[in-house]
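**Q** Pasting a structure below so you can have a look.
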There are 2 protein chains.
Amino acid sequence: MNKNSTPWIQTLSLEPPSIKDNTADTDRLLHALKLQLNTDAVHVDLELVRRLPELLRQSAYRIRCILWKSLQQWHLLEVSAAADTRIAAGLAVDLGTTRVVLRLLDLATERILAESAFDNPQDSIGPDILARIHFAEKENGLHQLNELIVDGLNYAIVQLCESQHLDPQQIYVLSVAGNTTMTHLFMGLDPKWIIREPYIPVINSTNTVKARALGVQVNPQARVLIFPNIGSYFGGDLIAGILFSEIYKKSRPCILVDVGTNAEVVLGNENWMIACAGAAGPALEGGVTRMGMTAGPGVIDQIEVDLNTLEFNIHTIDDLPPRGICGSGVIDLAAQLFLAGMIDMRGKLVPTVCGPKIREIDGLYHLIVVPREKSASGGDLTISQADLDSLIRSKAAMYTILETITASVGISAQDLESFYVAGTFGSFIKPASAISIGMLPDLPLDRYKSLGNSSLGGAALALQSDTYHDEIDRIRERITYLELNVNQDFMNRFSAAKFLPHTNTKLFPSVKVFQK
Amino acid sequence: MNKNSTPWIQTLSLEPPSIKDNTADTDRLLHALKLQLNTDAVHVDLELVRRLPELLRQSAYRIRCILWKSLQQWHLLEVSAAADTRIAAGLAVDLGTTRVVLRLLDLATERILAESAFDNPQDSIGPDILARIHFAEKENGLHQLNELIVDGLNYAIVQLCESQHLDPQQIYVLSVAGNTTMTHLFMGLDPKWIIREPYIPVINSTNTVKARALGVQVNPQARVLIFPNIGSYFGGDLIAGILFSEIYKKSRPCILVDVGTNAEVVLGNENWMIACAGAAGPALEGGVTRMGMTAGPGVIDQIEVDLNTLEFNIHTIDDLPPRGICGSGVIDLAAQLFLAGMIDMRGKLVPTVCGPKIREIDGLYHLIVVPREKSASGGDLTISQADLDSLIRSKAAMYTILETITASVGISAQDLESFYVAGTFGSFIKPASAISIGMLPDLPLDRYKSLGNSSLGGAALALQSDTYHDEIDRIRERITYLELNVNQDFMNRFSAAKFLPHTNTKLFPSVKVFQK
């Protein structure tokens, strides 16, 4: 097979029937397909069978087939004349709680045709999973939630297809990766028991469902591969991430970190994998800290402090006037403040160093990051001591989780071959800054690798070859989930991590505070 | 497994979930099912998955499953509380061109609950296959034909279920055996190429389709097994008949004859099978000869001629006043007339023997079988010389086909272990009479076995166990179809068979004509 082509599109020349070979149309086609695909069985729906007699005769028995294989089963999804050159598309979907990202691909070549994203319309019901699960318990609540996401997806599909002059009917396969709750809401499954002890999803395993059964308006024959979950708190999005990171293939241990409201961490290699999730704290994601926000135009994503003048050099996304600061910007800022001595080891603002940049409001220190005359809003952009305290707790939680998971298998961070950081957070964070505040371990910077949207990346891989589907199931079966019981050990580690970079500075030999 | 129970109903007690075993509901159920059924995979539809969380918790994890296995794949069709005692029903359907017969069974025990039949409503379009195929070529014609049979079936299902106080939703599996054209019309497949050289059906192989995809209104999860065909002229009804006759299991050769408008003949044993079909002639089926009719109340099915008085002792179905004569009655009559010397070896009425029973109408002899004062209609029931001539041609055709098919494999009729006669014809025919006129070979009478409705019987078997489905495919693959080219050999045999019982009377040693 050509490295640049999938087996999903097959062109066949059938031997026309004769008195000596009166095999039926369907059997003739399936026989040829089985030979060409080297398989025992190809499933074909009655709707396609009904179209065969006319199509075969009109196309002189030269036809193009669109196929899909999943969970050991081949499915015939389309038949047309061999001359048909219309694109057969696949759609990878990262089904996020907050944002849904779509990637449209040419199934034949896996070439990316277009991407788009939209805010999860379920946000109108509740911004987080918990609110939505409670809503789903109301009369018709699950139906409403399901309809919101399915309608939203259908609308986005139409827009995305229009941008490529495609008909949604040309989408034959979808691959969807989401957390356990989002997957349930998308499939119309009651999420009630996900949040109640002993935390039971309705379904764990990989599923291939007809798009029609889900209400997704693409080709009537289209199949949807839905990524499996391991439990209530370890969803298909992370399994897609593991697939994309390829840590399941590595000989030496690697770590994968996906930071959202939760930090989800997977440690492992080709032989074993261990996963955990914990609250990494609100400082890292937008919308929680007073001024923190999701990365977007005009948002500060990088800050440098001139160690001599203590002036801030800021960088905003798209170089627009600054209107706020995102998670990675906050980490940059904290790191620079610490290295410049403007905050101390406890993360407290040092008035003697900060000088006029500090203002006290309602008995709380605030540091002016961008003065009102330079901000987009016309007001000062500040960070408060409370924001910094919150960041310290978050970074300590992150570090403690990493320490705990590595300790659980008796290794240290230094043993990691690669440290993958996924998601928007991973795209913007500067590992050096995260190390400076002791959020991430003090590894050589080249071991840190940003994955981008790994859920979407994993979902897209699943459109390439069914060998990935087998991998998905193997990954799911191989992962041990580590329950982060907040015991005394964890609390001790957490307390030690609440300093910059750490109580034990030997863990961070590369972090040097500037001495004026 | 109990001989009186199928594996289709399984009761399960699942281990309830716990913190230590947080397997999802669906995976928990499927895992238990796979263990209990000793299989790798059980397919379950999203619709059932959606119902699981509430059902499992309400039923304390004790549930009843309705399953079905076909073509190596298990399907979960229903889940309910273990206490559920409602009948799960299966429906076997003999999808005849003229008449459709239904048998409702309890899937758990295979007990027959009820049977019914209705005239194929496609008769309003055309009485025969050919007329219907031509009609299907008109705009919307196929759709109309399909709707007629599906609506007819749905109506019959409602009636049949009502008679048993069942809801059609309680039907989970159907098994349908029909000829190639009827199967196509039922599935909505274009039959156009069945009657055009090189005579290609749309599909040959066994299919399991959702009842919903066919428009059959039973349980939404119900599956329909559709019997395969070998070609345009050898349909699923006959494969069902072979299954029912069990000739595919016999060590010595047997023959199966199903007489309708065509005579369909299968010869074989466990190692080989050969089949052919030929026009057995109109005299054997109702509606063609002037007075011949389908067996029914008041129809003459047996006739004896008193060899001394030449009086007719007739028997009618349900002992009602005679209103006509059916195929088997015609054969009885011809045999008795021949044995009594009232017709000669050529099948010609002998006026000197028949005496006043003969009347000449429009230059043609008629024999009065029932005088008007005894008939239901008030008119004489007669058989004409033309009717008799037609019967002779039919019986000669039948015998020639049998002779040709046995000769093709180098055996004679005497080598047959059993001679199965299927259908209504088989139920009513007296082998002795058929032998007397040389329609069937002169075998010991105990080798003749009437099968009744073997299509329906075979369809019902397919509801019992999927091993029969594998047999169906093996039967289909093993049969050689013998094209009855009407060559000189065939014509010579046919000419020789146009005498009573045969030109070569040595072939019929048991037939003795009465000598007064």
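For the structure tokens, the naming scheme is as follows: chains receive sequential letters (A, B, ...) according to their order of presentation, residues are indexed from 1 within each chain, and ligands are indexed from 1 in presentation order.
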Once you count only C-alpha atoms, which residues of chain A turn out to be within 8 Å of chain B? Could you give them as a ChimeraX atom specification?
**A** /A:17-19,22-27,46,49-50,52-53,187-190,193,197-205,209,213,231
**Q** What's the 8 Å shell around Gly426 of chain B, counting only C-alpha atoms, without same-chain residues fewer than 3 positions away, as a PDB file with N, CA and C atoms, in the first residue's frame?
**A**
```
ATOM      1  N   ASP B 258     -40.942 -30.456  -5.387  1.00  0.00           N
ATOM      2  CA  ASP B 258     -41.911 -29.451  -4.949  1.00  0.00           C
ATOM      3  C   ASP B 258     -42.672 -29.013  -6.194  1.00  0.00           C
ATOM      4  N   VAL B 259     -43.948 -29.334  -6.246  1.00  0.00           N
ATOM      5  CA  VAL B 259     -44.715 -29.050  -7.455  1.00  0.00           C
ATOM      6  C   VAL B 259     -45.594 -27.829  -7.271  1.00  0.00           C
ATOM      7  N   VAL B 421     -42.105 -35.504  -1.246  1.00  0.00           N
ATOM      8  CA  VAL B 421     -42.995 -34.668  -2.032  1.00  0.00           C
ATOM      9  C   VAL B 421     -43.467 -33.521  -1.136  1.00  0.00           C
ATOM     10  N   ALA B 422     -43.133 -32.316  -1.569  1.00  0.00           N
ATOM     11  CA  ALA B 422     -43.401 -31.143  -0.728  1.00  0.00           C
ATOM     12  C   ALA B 422     -44.637 -30.394  -1.174  1.00  0.00           C
ATOM     13  N   GLY B 423     -45.084 -29.495  -0.340  1.00  0.00           N
ATOM     14  CA  GLY B 423     -46.144 -28.571  -0.714  1.00  0.00           C
ATOM     15  C   GLY B 423     -47.522 -29.169  -0.537  1.00  0.00           C
ATOM     16  N   ILE B 429     -51.535 -35.615  -2.648  1.00  0.00           N
ATOM     17  CA  ILE B 429     -51.349 -36.626  -3.680  1.00  0.00           C
ATOM     18  C   ILE B 429     -51.254 -38.024  -3.064  1.00  0.00           C
ATOM     19  N   SER B 450     -44.495 -37.442   2.390  1.00  0.00           N
ATOM     20  CA  SER B 450     -45.046 -36.105   2.207  1.00  0.00           C
ATOM     21  C   SER B 450     -44.466 -35.180   3.268  1.00  0.00           C
ATOM     22  N   LEU B 451     -43.964 -34.034   2.802  1.00  0.00           N
ATOM     23  CA  LEU B 451     -43.301 -33.102   3.731  1.00  0.00           C
ATOM     24  C   LEU B 451     -44.203 -31.983   4.210  1.00  0.00           C
ATOM     25  N   GLY B 452     -45.337 -31.796   3.581  1.00  0.00           N
ATOM     26  CA  GLY B 452     -46.142 -30.611   3.895  1.00  0.00           C
ATOM     27  C   GLY B 452     -45.440 -29.374   3.361  1.00  0.00           C
TER      28      GLY B 452
END
```
**Q** So which residues of segment 145-293 of chain B fall under helix (DSSP H, G or I) by DSSP, listed as JSON, numbers by chain?
**A** {"B": [145, 146, 147, 148, 149, 150, 151, 152, 153, 154, 155, 156, 157, 158, 159, 160, 161, 162, 163, 168, 169, 170, 180, 181, 182, 183, 184, 185, 186, 187, 192, 193, 194, 211, 212, 213, 214, 236, 237, 238, 239, 240, 241, 242, 243, 244, 245, 247, 248, 249, 282, 283, 284]}
**Q** Could you save those same residues with C-alpha atoms as a compact mmCIF listing (two decimals), in the first residue's frame?
**A**
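The new file result_1.txt reads:
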```
# COMPACT_ATOMS: atom_id res chain seq x y z
CA LEU B 145 -45.11 -4.27 -5.32
CA ASN B 146 -42.86 -4.00 -2.30
CA GLU B 147 -45.48 -2.06 -0.38
CA LEU B 148 -48.19 -4.58 -1.21
CA ILE B 149 -46.29 -7.51 0.23
CA VAL B 150 -44.87 -5.62 3.23
CA ASP B 151 -48.25 -4.13 4.11
CA GLY B 152 -49.88 -7.52 3.67
CA LEU B 153 -47.34 -9.10 5.95
CA ASN B 154 -47.70 -6.35 8.56
CA TYR B 155 -51.45 -6.76 8.55
CA ALA B 156 -51.18 -10.53 8.90
CA ILE B 157 -48.68 -10.10 11.75
CA VAL B 158 -51.09 -7.89 13.67
CA GLN B 159 -53.91 -10.43 13.21
CA LEU B 160 -51.73 -13.36 14.14
CA CYS B 161 -50.38 -11.63 17.24
CA GLU B 162 -53.84 -10.54 18.34
CA SER B 163 -54.99 -14.14 18.19
CA PRO B 168 -45.99 -7.42 17.38
CA GLN B 169 -43.16 -5.82 19.38
CA GLN B 170 -42.70 -9.27 20.91
CA THR B 180 -35.89 -15.49 -6.03
CA THR B 181 -38.34 -12.97 -7.41
CA MET B 182 -40.54 -12.83 -4.32
CA THR B 183 -37.44 -12.36 -2.18
CA HIS B 184 -36.33 -9.50 -4.41
CA LEU B 185 -39.73 -7.81 -4.30
CA PHE B 186 -39.84 -8.20 -0.52
CA MET B 187 -36.41 -6.64 -0.13
CA LYS B 192 -35.46 -6.80 -13.87
CA TRP B 193 -32.38 -8.88 -14.63
CA ILE B 194 -33.78 -12.10 -13.25
CA ALA B 211 -36.89 -5.72 10.14
CA ARG B 212 -37.03 -1.94 10.25
CA ALA B 213 -34.96 -1.66 7.06
CA LEU B 214 -37.60 -3.79 5.34
CA GLY B 236 -34.79 -19.64 -1.02
CA ASP B 237 -38.06 -21.51 -0.72
CA LEU B 238 -36.45 -24.58 -2.19
CA ILE B 239 -33.33 -24.22 -0.07
CA ALA B 240 -35.62 -24.08 2.94
CA GLY B 241 -37.25 -27.23 1.62
CA ILE B 242 -33.91 -29.01 1.35
CA LEU B 243 -33.10 -27.94 4.90
CA PHE B 244 -36.43 -29.28 6.10
CA SER B 245 -36.19 -32.55 4.15
CA ILE B 247 -31.62 -34.78 2.24
CA TYR B 248 -28.32 -32.90 2.71
CA LYS B 249 -27.64 -35.23 5.66
CA PRO B 282 -50.96 -26.56 -15.67
CA ALA B 283 -53.04 -29.60 -14.81
CA LEU B 284 -51.47 -29.95 -11.42
```
**Q** Can you list every residue in segment 150-190 of chain B that DSSP puts in strand (DSSP E or B), as a PyMOL selection string?
**A** chain B and resi 171-178
**Q** Limited to N, CA and C atoms, could you put the picked residues into a file as a tab-separated table (two decimals), in the first residue's frame?
**A**
```
chain	number	residue	atom	x	y	z
B	171	ILE	N	-42.17	-9.85	18.61
B	171	ILE	CA	-41.51	-10.64	17.56
B	171	ILE	C	-40.10	-10.08	17.36
B	172	TYR	N	-39.11	-10.92	17.61
B	172	TYR	CA	-37.72	-10.48	17.58
B	172	TYR	C	-36.93	-11.01	16.39
B	173	VAL	N	-37.42	-12.09	15.83
B	173	VAL	CA	-36.69	-12.69	14.71
B	173	VAL	C	-37.69	-13.16	13.66
B	174	LEU	N	-37.36	-12.94	12.41
B	174	LEU	CA	-38.15	-13.48	11.32
B	174	LEU	C	-37.23	-14.28	10.41
B	175	SER	N	-37.82	-15.24	9.77
B	175	SER	CA	-37.07	-16.05	8.82
B	175	SER	C	-37.96	-16.18	7.60
B	176	VAL	N	-37.45	-15.78	6.46
B	176	VAL	CA	-38.30	-15.65	5.27
B	176	VAL	C	-37.74	-16.48	4.11
B	177	ALA	N	-38.56	-17.40	3.61
B	177	ALA	CA	-38.15	-18.22	2.47
B	177	ALA	C	-39.12	-17.97	1.32
B	178	GLY	N	-38.58	-17.53	0.21
B	178	GLY	CA	-39.42	-17.31	-0.96
B	178	GLY	C	-38.62	-17.61	-2.21
```
**Q** Would you pick out the contacts of Arg62 of chain A at 10 Å or less, using only C-alpha atoms, so that residues sharing its chain but fewer than 5 positions from it are not included, and give the list as a list in words?
**A**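 Counting only C-alpha atoms, the residues come to Thr11, Leu12, Ser13, Leu14, Glu15, Pro16, Leu55, Leu56, Arg57, Ser80, Ala81, Ala82 and Ala83 of chain A.
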**Q** What separation in Å, quoted to one decimal, exists between atom CA of Leu95 of chain B and atom CA of Pro127 of chain B?
**A**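 For atom CA of Leu95 of chain B relative to atom CA of Pro127 of chain B, the distance reads 14.2 Å.
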**Q** Go ahead and compute the interatomic distance for atom CA of Leu48 of chain B and atom CA of Gly235 of chain A, in Å to one decimal.
**A**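 Atom CA of Gly235 of chain A lies at a distance of 21.7 Å from atom CA of Leu48 of chain B.
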**Q** Would you kindly return, as a list in words, each protein, DNA or RNA residue with an atom no farther than 9 Å from any atom of segment 376-385 of chain A, considering only C-alpha atoms and excluding same-chain residues fewer than 6 positions away?
**A** Arg290, Met291, Gly298, Leu320, Pro321, Pro322, Arg323, Gly324, Ile325, Val330, Gly347, Lys348, Leu349, Leu364, Tyr365, His366, Leu367, Ile368, Val369 and Val370 of chain A
**Q** Would you mind listing what lies within 12 Å of Asp489 of chain A as a list in words, with only C-alpha atoms counted and same-chain residues fewer than 3 positions away left out?
**A** Thr400, Ile401, Glu403, Thr404, Ala407, Ser408, Leu484, Asn485, Val486, Asn492, Arg493, Phe494, Ser495 and Ala496 of chain A
**Q** How would the residues just chosen look if you wrote them out with N, CA and C atoms as a CSV table (one decimal), in the first residue's frame?
**A**
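Writing the result to selection25.csv gives the following:
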```csv
chain,number,residue,atom,x,y,z
A,400,THR,N,3.1,18.0,42.4
A,400,THR,CA,2.8,16.9,43.3
A,400,THR,C,2.2,15.7,42.6
A,401,ILE,N,1.3,16.0,41.6
A,401,ILE,CA,0.8,14.9,40.8
A,401,ILE,C,1.9,14.2,40.1
A,403,GLU,N,5.1,14.1,40.7
A,403,GLU,CA,5.9,13.4,41.7
A,403,GLU,C,5.3,12.1,42.2
A,404,THR,N,4.0,12.2,42.4
A,404,THR,CA,3.3,11.0,42.9
A,404,THR,C,3.2,9.9,41.9
A,407,ALA,N,6.7,8.4,41.4
A,407,ALA,CA,7.1,7.7,42.6
A,407,ALA,C,6.3,6.4,42.6
A,408,SER,N,5.1,6.4,42.2
A,408,SER,CA,4.2,5.2,42.3
A,408,SER,C,4.9,4.0,41.5
A,484,LEU,N,-5.8,9.3,43.0
A,484,LEU,CA,-5.0,10.2,43.7
A,484,LEU,C,-5.6,10.4,45.1
A,485,ASN,N,-5.5,9.5,46.0
A,485,ASN,CA,-6.1,9.7,47.3
A,485,ASN,C,-5.2,10.7,48.0
A,486,VAL,N,-5.9,11.8,48.5
A,486,VAL,CA,-5.1,12.9,49.1
A,486,VAL,C,-4.8,12.4,50.5
A,492,ASN,N,2.1,16.1,52.3
A,492,ASN,CA,3.5,16.5,52.6
A,492,ASN,C,4.2,17.0,51.3
A,493,ARG,N,4.0,16.2,50.2
A,493,ARG,CA,4.6,16.6,48.9
A,493,ARG,C,4.1,18.0,48.5
A,494,PHE,N,2.8,18.1,48.6
A,494,PHE,CA,2.1,19.3,48.2
A,494,PHE,C,2.6,20.5,49.0
A,495,SER,N,2.8,20.4,50.3
A,495,SER,CA,3.3,21.5,51.1
A,495,SER,C,4.7,21.9,50.7
A,496,ALA,N,5.5,20.8,50.4
A,496,ALA,CA,6.9,21.1,50.0
A,496,ALA,C,7.0,21.8,48.6
```
**Q** List as a list in words the protein and nucleic acid residues near segment 105-109 of chain A, meaning an atom at most 9 Å away when only C-alpha atoms are counted, but skip any in the same chain fewer than 3 places from it.
**A**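 Returned residues: Asn4, Ser5, Thr6, Pro7, Trp8, Ile9, Ile87, Ala88, Ala89, Gly90, Leu91, Ala92, Ile112, Leu113, Ala114, Glu115, Ile171, Tyr172, Val173, Ala460, Leu463 and Gln464 of chain A.
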**Q** Quick one, how far is atom CA of Thr352 of chain A from atom CA of Val299 of chain A?
**A** 28.8 Å
**Q** I'd like the contact shell of segment 300-304 of chain B - 7 Å cut-off, only C-alpha atoms, skipping same-chain residues fewer than 2 positions apart - returned as a short mmCIF file (atom, residue, chain, number, x, y, z; two decimals) with C-alpha atoms, in the first residue's frame.
**A**
```cif
data_model
loop_
_atom_site.label_atom_id
_atom_site.label_comp_id
_atom_site.auth_asym_id
_atom_site.auth_seq_id
_atom_site.Cartn_x
_atom_site.Cartn_y
_atom_site.Cartn_z
CA GLY B 298 -65.74 -28.64 -1.00
CA ASP B 306 -65.89 -48.92 -8.40
CA PHE B 312 -67.42 -42.69 -8.62
CA ASN B 313 -66.86 -42.51 -4.88
CA ILE B 314 -65.68 -39.03 -4.24
CA HIS B 315 -64.25 -37.39 -1.16
CA THR B 316 -64.31 -33.63 -0.67
CA ILE B 317 -62.34 -31.51 1.75
CA PRO B 322 -68.37 -30.93 -4.39
CA GLY B 324 -64.49 -28.64 -8.12
CA ILE B 325 -61.44 -30.85 -8.22
CA CYS B 326 -57.88 -30.13 -7.22
CA SER B 328 -54.36 -34.46 -6.55
CA GLY B 329 -58.01 -35.22 -7.29
CA ASP B 332 -56.62 -39.82 -8.60
CA LEU B 333 -59.33 -39.57 -11.20
CA GLN B 336 -58.79 -44.68 -11.54
CA PHE B 428 -52.84 -34.48 -0.95
#
```
